[in-house]
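Below is one structure, written out as structure tokens, with a few remarks after it.
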Amino acid sequence: MSEQVQDHDGHDEGRRDFLYITTGAFAAAIGAAAIWPFIDAWNPSADVLALASTEADLSAIEVGQSVTVVWRGKPVFIRHRTEEEIALANLLPEDLPDPQSDGERVLKPEWLVVVGICTHLGCVPLGQKTDDNRGEYDGWFCPCHGSHYDTSGRIRKGPAPRNLDVPEYAFLTDSSIRVG
Amino acid sequence: MSANSIETGAGGGLVKWIDSRLPIFSYMQKEYGEYPAPRNFNYWWNFGALAMFLLVTMIVTGLWLAMQYTPHVDLAFASVQRIMRDVNSGWFIRLVHVNGASFFFIVVYIHLFRGMYYGSFKAPRELLWMLGVVILLLMMATSFMGYVLPWGQLSFWGATVITNLFSAIPLVGDAVVTWLWGGFTVANPTLNRFYALHFLLPFLIVGVVGLHVVALHVTGSNNPLGIEPKSKQDTVPFHPYYTIKDSFGLGVFLVIFAIVVFFAPDFFSEPENYERADFLKTPEEIVPEWYFLPFFAILRAVPAIWFIEAKLAGVIAMFASIFVLFVLPWLDTAKVRSGKFRPIFRWFFWIFIANVLVLGYVGGKPPNETVFEGIESFDFLALGRITTAWYFIHFLVVLPLLGRFERPLPLPESISAAVLGTQKGGGPVGSGAAAKPMEKA
């Protein structure tokens, strides 16, 4: 008590500082707590998250055929690869922009599952139809800025920085998968 | 805070550079820093700032709701339920918005009654008061249209009943109603236009509030004594004295607001509106939101008068009950502003408040139900008629007569003299009285 600092009006400055700081701290905490719901409200809502996984039936996809399924609003390419395409994918040149072996990118060699969005600027590459331009490596070709992907969905030529993303997926049976 | 940095603090050079080109800092300093406010505000003077806070809160939460809401008759109800269940913190944002509307009216009604008691509408503040009535009208339109958006049963039937009021207009009434609906019932076109207007009107309110504040800062604030500040002794700078007092009031308000939002979020709501709108099924009772109940009671109370049919007469009376506020500065002719020095007015003021509360109570009751058990002939319609009559008698008869015949108490010499208790007379003044002015002397 004897160490109280008093200003010329007899106010206890230590007490006053304490009140200022605690009031300010509480106001800041409440302000932050009030702002958080508004930030959080922009995150994906429960109904959006509920659609976060997609199941796909593979039984109708012939060898050499590709299908596109929608997962989280994005196209996912599922290609039933031919022996030839698998062999091409396993050829691993040394100068890959994003080096990855085919084995790291598939669960079963005949099924390639990749997100069908070019890693450059988000276009959907061509190559799902047999008469599409599949680029120089017989995979996919992005018409926007000319990125060439191979039969493993790896970037081989053009401006894209990464291979096509492989989504998280699992085989539910031999002929069906769940993406996400 | 930024107001202070115009003289001191880091970045003072930049502040001065901006201020000499666009004087926002000196404006803030002048209007919210130094603004000389009477030194004797009591807590009833907090409600303007609270209303401002709620206006901002309603706009921000409303903007966030608009990001998730779908204005279509097939999707609106479900989109509101989605906000409540699926959107992160959507329940919080919506409940703040829904209850914020009720608290906005509580705060604004108190603000308005405060102005009536202390004579804040009297010269030279007539325009300030009238702009306030414009804000009230805009708020009513906004809240009515907002209530339609969730597309519940009461949304739909409330919209139907209120828009049908305009059918009372002679000759063109039905055409006007069809025009308002954009069809032959309240339907999707109605919902779309109400949504667009519900989004727009709050920004008009912001504009009128801006004028309200400009008008306030021209005439200066009234105060519990109702006498003008005469010297520097009578005022204090707005900051820090009233910024801190408003902040404290805001804190108290937020505690009450949070209790309702978190623990009684349906306190003001009608459960009926959680049922989706059905144009084939009118609910047994259509009750407007509580803040419209007194006006609803007036609408139902008025019978046919001479050649005017009851429907039209009720609509006229309801609109008149608000428009009479516009001319209040000329109806209340008393020279003394504050009810503190008007011994008879004070009684009539509280009778008026009680009368409005009874009107609100009547508005929420079926008209043909009896008020007291055992007295069959006295139903809520009769009570509504008496209270409606008194509402208008208060404005049109009592106030003008009081101005002529009431003998006010002697006014204190100055605000500082009254507050510091250095002067006798002027009734029960002194610091104690200034703190509890609503207490009857």
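Going by the structure tokens order, chains are called A, B, ..., each with residues numbered from 1, while ligands are numbered from 1 in the order shown.
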Residue list for chain B near chain A as number ranges by chain, 9 Å, only C-alpha atoms | B: 61, 64, 82-83, 85-90, 92-93
Tell me, as a count of residues only, which residues lie within 6 Å of region 341-354 of chain B, counting only C-alpha atoms; anything in the same chain fewer than 3 positions away does not count.
-> 4
Distance query Phe47 (chain B) at most 9 Å, only C-alpha atoms, self and fewer than 2 positions along chain excluded, as a PyMOL selection string = chain B and resi 43-45+49-52+107-108+110-111+114+246+249
Would you list, as a PyMOL selection string, the residues of region 2-120 of chain A that end up in strand (DSSP E) under DSSP run on this structure's backbone?
-> chain A and resi 54-57+66-71+74-80+111-115
Restricting it to N, CA and C atoms, dump the selection as a compact mmCIF listing (two decimals), in the first residue's frame.
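Generated output (result.txt):
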# COMPACT_ATOMS: atom_id res chain seq x y z
N THR A 54 -17.49 -39.10 -52.95
CA THR A 54 -18.27 -39.56 -54.11
C THR A 54 -17.95 -41.02 -54.35
N GLU A 55 -18.97 -41.83 -54.59
CA GLU A 55 -18.72 -43.23 -54.93
C GLU A 55 -18.89 -43.42 -56.43
N ALA A 56 -18.05 -44.24 -57.00
CA ALA A 56 -18.11 -44.47 -58.44
C ALA A 56 -18.06 -45.96 -58.73
N ASP A 57 -18.92 -46.38 -59.67
CA ASP A 57 -18.98 -47.79 -60.09
C ASP A 57 -18.08 -47.94 -61.31
N SER A 66 -12.28 -43.80 -70.50
CA SER A 66 -12.17 -42.88 -69.35
C SER A 66 -13.55 -42.37 -68.98
N VAL A 67 -13.78 -42.17 -67.69
CA VAL A 67 -15.01 -41.49 -67.29
C VAL A 67 -14.65 -40.34 -66.36
N THR A 68 -15.57 -39.40 -66.27
CA THR A 68 -15.38 -38.26 -65.36
C THR A 68 -16.47 -38.33 -64.30
N VAL A 69 -16.08 -38.32 -63.03
CA VAL A 69 -17.07 -38.22 -61.96
C VAL A 69 -16.85 -36.89 -61.24
N VAL A 70 -17.90 -36.43 -60.56
CA VAL A 70 -17.80 -35.14 -59.87
C VAL A 70 -17.55 -35.39 -58.39
N TRP A 71 -16.52 -34.78 -57.88
CA TRP A 71 -16.19 -34.92 -56.46
C TRP A 71 -15.89 -33.52 -55.92
N LYS A 74 -15.63 -30.90 -58.37
CA LYS A 74 -14.51 -30.92 -59.31
C LYS A 74 -14.57 -32.20 -60.14
N PRO A 75 -14.08 -32.16 -61.40
CA PRO A 75 -14.05 -33.39 -62.19
C PRO A 75 -12.93 -34.30 -61.74
N VAL A 76 -13.24 -35.58 -61.62
CA VAL A 76 -12.20 -36.57 -61.33
C VAL A 76 -12.14 -37.53 -62.52
N PHE A 77 -10.95 -37.68 -63.09
CA PHE A 77 -10.77 -38.57 -64.24
C PHE A 77 -10.48 -39.98 -63.75
N ILE A 78 -11.26 -40.94 -64.23
CA ILE A 78 -10.95 -42.34 -63.95
C ILE A 78 -10.66 -43.01 -65.29
N ARG A 79 -9.44 -43.47 -65.47
CA ARG A 79 -9.11 -44.10 -66.75
C ARG A 79 -8.79 -45.58 -66.52
N HIS A 80 -9.48 -46.44 -67.29
CA HIS A 80 -9.19 -47.87 -67.27
C HIS A 80 -8.07 -48.09 -68.28
N TRP A 111 -6.18 -48.96 -63.06
CA TRP A 111 -7.06 -47.81 -62.76
C TRP A 111 -6.23 -46.59 -62.37
N LEU A 112 -6.36 -45.54 -63.17
CA LEU A 112 -5.73 -44.27 -62.80
C LEU A 112 -6.86 -43.32 -62.37
N VAL A 113 -6.73 -42.74 -61.19
CA VAL A 113 -7.73 -41.79 -60.68
C VAL A 113 -7.01 -40.48 -60.37
N VAL A 114 -7.35 -39.43 -61.12
CA VAL A 114 -6.72 -38.13 -60.86
C VAL A 114 -7.78 -37.02 -60.90
N VAL A 115 -7.47 -35.93 -60.21
CA VAL A 115 -8.35 -34.76 -60.28
C VAL A 115 -8.13 -34.09 -61.63
Counting only C-alpha atoms, what is within 7 Å of region 158-174 of chain A, bar same-chain residues fewer than 2 positions away, as a tab-separated table (two decimals) with all heavy atoms, in the first residue's frame?
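Result written to selection.tsv:
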chain	number	residue	atom	x	y	z
A	98	ASP	N	8.04	-33.01	-62.14
A	98	ASP	CA	7.55	-33.37	-60.81
A	98	ASP	C	7.72	-34.88	-60.67
A	98	ASP	O	6.79	-35.65	-60.91
A	98	ASP	CB	6.07	-32.98	-60.70
A	98	ASP	CG	5.51	-33.23	-59.31
A	98	ASP	OD1	6.29	-33.56	-58.39
A	98	ASP	OD2	4.28	-33.10	-59.15
A	105	ARG	N	1.29	-43.41	-57.78
A	105	ARG	CA	0.11	-42.65	-58.19
A	105	ARG	C	-1.13	-43.50	-58.39
A	105	ARG	O	-2.20	-42.97	-58.67
A	105	ARG	CB	0.42	-41.88	-59.49
A	105	ARG	CG	1.51	-40.81	-59.28
A	105	ARG	CD	1.86	-40.08	-60.55
A	105	ARG	NE	0.71	-39.49	-61.22
A	105	ARG	CZ	0.12	-38.36	-60.84
A	105	ARG	NH1	0.56	-37.71	-59.78
A	105	ARG	NH2	-0.92	-37.89	-61.51
A	113	VAL	N	-6.73	-42.74	-61.19
A	113	VAL	CA	-7.73	-41.79	-60.68
A	113	VAL	C	-7.01	-40.48	-60.37
A	113	VAL	O	-6.13	-40.44	-59.50
A	113	VAL	CB	-8.42	-42.34	-59.40
A	113	VAL	CG1	-9.46	-41.35	-58.91
A	113	VAL	CG2	-9.06	-43.69	-59.67
A	114	VAL	N	-7.35	-39.43	-61.12
A	114	VAL	CA	-6.72	-38.13	-60.86
A	114	VAL	C	-7.78	-37.02	-60.90
A	114	VAL	O	-8.82	-37.17	-61.54
A	114	VAL	CB	-5.63	-37.80	-61.91
A	114	VAL	CG1	-4.39	-38.66	-61.73
A	114	VAL	CG2	-6.18	-37.90	-63.32
A	115	VAL	N	-7.47	-35.93	-60.21
A	115	VAL	CA	-8.35	-34.76	-60.28
A	115	VAL	C	-8.13	-34.09	-61.63
A	115	VAL	O	-6.99	-33.78	-61.99
A	115	VAL	CB	-8.04	-33.77	-59.13
A	115	VAL	CG1	-8.87	-32.50	-59.29
A	115	VAL	CG2	-8.33	-34.42	-57.80
A	116	GLY	N	-9.20	-33.89	-62.37
A	116	GLY	CA	-9.08	-33.41	-63.74
A	116	GLY	C	-8.94	-31.91	-63.84
A	116	GLY	O	-9.69	-31.27	-64.59
A	117	ILE	N	-8.05	-31.34	-63.07
A	117	ILE	CA	-7.85	-29.89	-63.11
A	117	ILE	C	-6.37	-29.63	-63.31
A	117	ILE	O	-5.54	-30.09	-62.53
A	117	ILE	CB	-8.35	-29.23	-61.81
A	117	ILE	CG1	-9.88	-29.34	-61.76
A	117	ILE	CG2	-7.93	-27.78	-61.75
A	117	ILE	CD1	-10.50	-28.72	-60.56
A	118	CYS	N	-6.08	-28.91	-64.36
A	118	CYS	CA	-4.69	-28.60	-64.68
A	118	CYS	C	-4.06	-27.85	-63.51
A	118	CYS	O	-4.66	-26.91	-62.97
A	118	CYS	CB	-4.63	-27.76	-65.96
A	118	CYS	SG	-2.95	-27.35	-66.45
A	119	THR	N	-2.87	-28.26	-63.13
A	119	THR	CA	-2.23	-27.64	-61.96
A	119	THR	C	-1.65	-26.27	-62.29
A	119	THR	O	-1.10	-25.60	-61.43
A	119	THR	CB	-1.12	-28.54	-61.40
A	119	THR	OG1	-0.18	-28.81	-62.46
A	119	THR	CG2	-1.70	-29.84	-60.88
A	120	HIS	N	-1.79	-25.87	-63.56
A	120	HIS	CA	-1.30	-24.54	-63.92
A	120	HIS	C	-2.29	-23.48	-63.43
A	120	HIS	O	-2.06	-22.85	-62.40
A	120	HIS	CB	-1.10	-24.46	-65.44
A	120	HIS	CG	-0.61	-23.13	-65.92
A	120	HIS	ND1	-1.04	-22.56	-67.09
A	120	HIS	CD2	0.28	-22.28	-65.39
A	120	HIS	CE1	-0.45	-21.40	-67.25
A	120	HIS	NE2	0.38	-21.20	-66.23
A	146	GLY	N	-1.43	-25.21	-72.91
A	146	GLY	CA	-0.62	-26.23	-73.56
A	146	GLY	C	0.23	-27.08	-72.62
A	146	GLY	O	1.42	-27.28	-72.88
A	147	SER	N	-0.36	-27.57	-71.56
A	147	SER	CA	0.37	-28.51	-70.71
A	147	SER	C	0.06	-29.93	-71.16
A	147	SER	O	-1.10	-30.27	-71.40
A	147	SER	CB	-0.05	-28.34	-69.24
A	147	SER	OG	0.43	-27.12	-68.74
A	148	HIS	N	1.11	-30.76	-71.26
A	148	HIS	CA	0.96	-32.14	-71.71
A	148	HIS	C	1.13	-33.07	-70.51
A	148	HIS	O	2.12	-32.97	-69.78
A	148	HIS	CB	2.02	-32.48	-72.76
A	148	HIS	CG	1.92	-31.65	-74.00
A	148	HIS	ND1	1.42	-32.12	-75.19
A	148	HIS	CD2	2.24	-30.34	-74.23
A	148	HIS	CE1	1.46	-31.16	-76.10
A	148	HIS	NE2	1.94	-30.07	-75.54
A	153	GLY	N	-0.85	-39.19	-65.69
A	153	GLY	CA	-1.29	-37.87	-65.25
A	153	GLY	C	-0.16	-36.97	-64.79
A	153	GLY	O	-0.39	-35.98	-64.11
A	154	ARG	N	1.10	-37.36	-65.19
A	154	ARG	CA	2.23	-36.53	-64.79
A	154	ARG	C	2.48	-35.44	-65.81
A	154	ARG	O	2.34	-35.66	-67.01
A	154	ARG	CB	3.49	-37.38	-64.65
A	154	ARG	CG	3.49	-38.27	-63.43
A	154	ARG	CD	4.67	-39.19	-63.43
A	154	ARG	NE	4.66	-40.05	-64.60
A	154	ARG	CZ	5.16	-41.28	-64.62
A	154	ARG	NH1	5.71	-41.80	-63.53
A	154	ARG	NH2	5.13	-42.01	-65.71
A	155	ILE	N	2.91	-34.29	-65.33
A	155	ILE	CA	3.22	-33.19	-66.25
A	155	ILE	C	4.52	-33.53	-66.97
A	155	ILE	O	5.50	-33.93	-66.35
A	155	ILE	CB	3.29	-31.84	-65.50
A	155	ILE	CG1	3.63	-30.70	-66.45
A	155	ILE	CG2	4.29	-31.88	-64.35
A	155	ILE	CD1	2.58	-30.42	-67.48
A	176	SER	N	-15.63	-50.89	-57.55
A	176	SER	CA	-16.19	-49.59	-57.15
A	176	SER	C	-15.21	-48.89	-56.19
A	176	SER	O	-14.50	-49.55	-55.43
A	176	SER	CB	-17.56	-49.77	-56.48
A	176	SER	OG	-17.42	-50.38	-55.24
A	177	ILE	N	-15.19	-47.57	-56.32
A	177	ILE	CA	-14.30	-46.80	-55.44
A	177	ILE	C	-15.08	-45.69	-54.76
A	177	ILE	O	-16.16	-45.28	-55.22
A	177	ILE	CB	-13.12	-46.16	-56.23
A	177	ILE	CG1	-13.64	-45.23	-57.35
A	177	ILE	CG2	-12.21	-47.23	-56.79
A	177	ILE	CD1	-12.55	-44.37	-57.95
A	178	ARG	N	-14.51	-45.22	-53.66
A	178	ARG	CA	-15.05	-44.01	-53.02
A	178	ARG	C	-13.94	-42.98	-53.03
A	178	ARG	O	-12.84	-43.24	-52.53
A	178	ARG	CB	-15.50	-44.28	-51.59
A	178	ARG	CG	-16.14	-43.02	-50.98
A	178	ARG	CD	-16.62	-43.22	-49.57
A	178	ARG	NE	-15.52	-43.60	-48.71
A	178	ARG	CZ	-15.60	-44.56	-47.79
A	178	ARG	NH1	-16.73	-45.21	-47.61
A	178	ARG	NH2	-14.55	-44.86	-47.03
A	179	VAL	N	-14.24	-41.85	-53.64
A	179	VAL	CA	-13.27	-40.77	-53.70
A	179	VAL	C	-13.54	-39.83	-52.52
A	179	VAL	O	-14.69	-39.46	-52.28
A	179	VAL	CB	-13.39	-39.99	-55.03
A	179	VAL	CG1	-12.31	-38.93	-55.13
A	179	VAL	CG2	-13.32	-40.95	-56.20
A	180	GLY	N	-12.50	-39.45	-51.81
A	180	GLY	CA	-12.65	-38.52	-50.68
A	180	GLY	C	-12.87	-39.25	-49.37
A	180	GLY	O	-13.06	-40.45	-49.32
Can you work out which one of B:Arg39, B:Ile135, B:Ser20, B:Arg300 has the shortest atom-to-atom distance to Leu165 (chain B), counting only C-alpha atoms?
->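 Of all the options, B:Arg300 lies closest to Leu165 (chain B).
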Give me the residues within 12 Å of region 168-176 of chain B as a ChimeraX atom specification, counting only C-alpha atoms and dropping any in the same chain fewer than 5 places off.
-> /B:161-163,181-185,299,307-316
Those same residues - C-alpha atoms - I'd like them written as a tab-separated table (two decimals), in the first residue's frame.
chain	number	residue	atom	x	y	z
B	161	VAL	CA	-52.68	-8.85	-44.29
B	162	ILE	CA	-50.37	-5.83	-44.30
B	163	THR	CA	-50.35	-5.45	-48.08
B	181	TRP	CA	-47.77	-8.21	-55.08
B	182	GLY	CA	-46.73	-8.41	-58.70
B	183	GLY	CA	-49.52	-10.96	-59.07
B	184	PHE	CA	-52.80	-11.98	-57.55
B	185	THR	CA	-51.48	-13.18	-54.22
B	299	LEU	CA	-55.96	-0.63	-36.81
B	307	PHE	CA	-68.99	7.86	-44.84
B	308	ILE	CA	-65.63	6.14	-44.21
B	309	GLU	CA	-65.89	2.37	-43.94
B	310	ALA	CA	-64.25	0.70	-40.94
B	311	LYS	CA	-61.43	-0.84	-42.98
B	312	LEU	CA	-60.28	2.50	-44.35
B	313	ALA	CA	-60.83	4.28	-41.04
B	314	GLY	CA	-58.61	1.75	-39.26
B	315	VAL	CA	-55.83	2.16	-41.81
B	316	ILE	CA	-56.05	5.95	-41.60
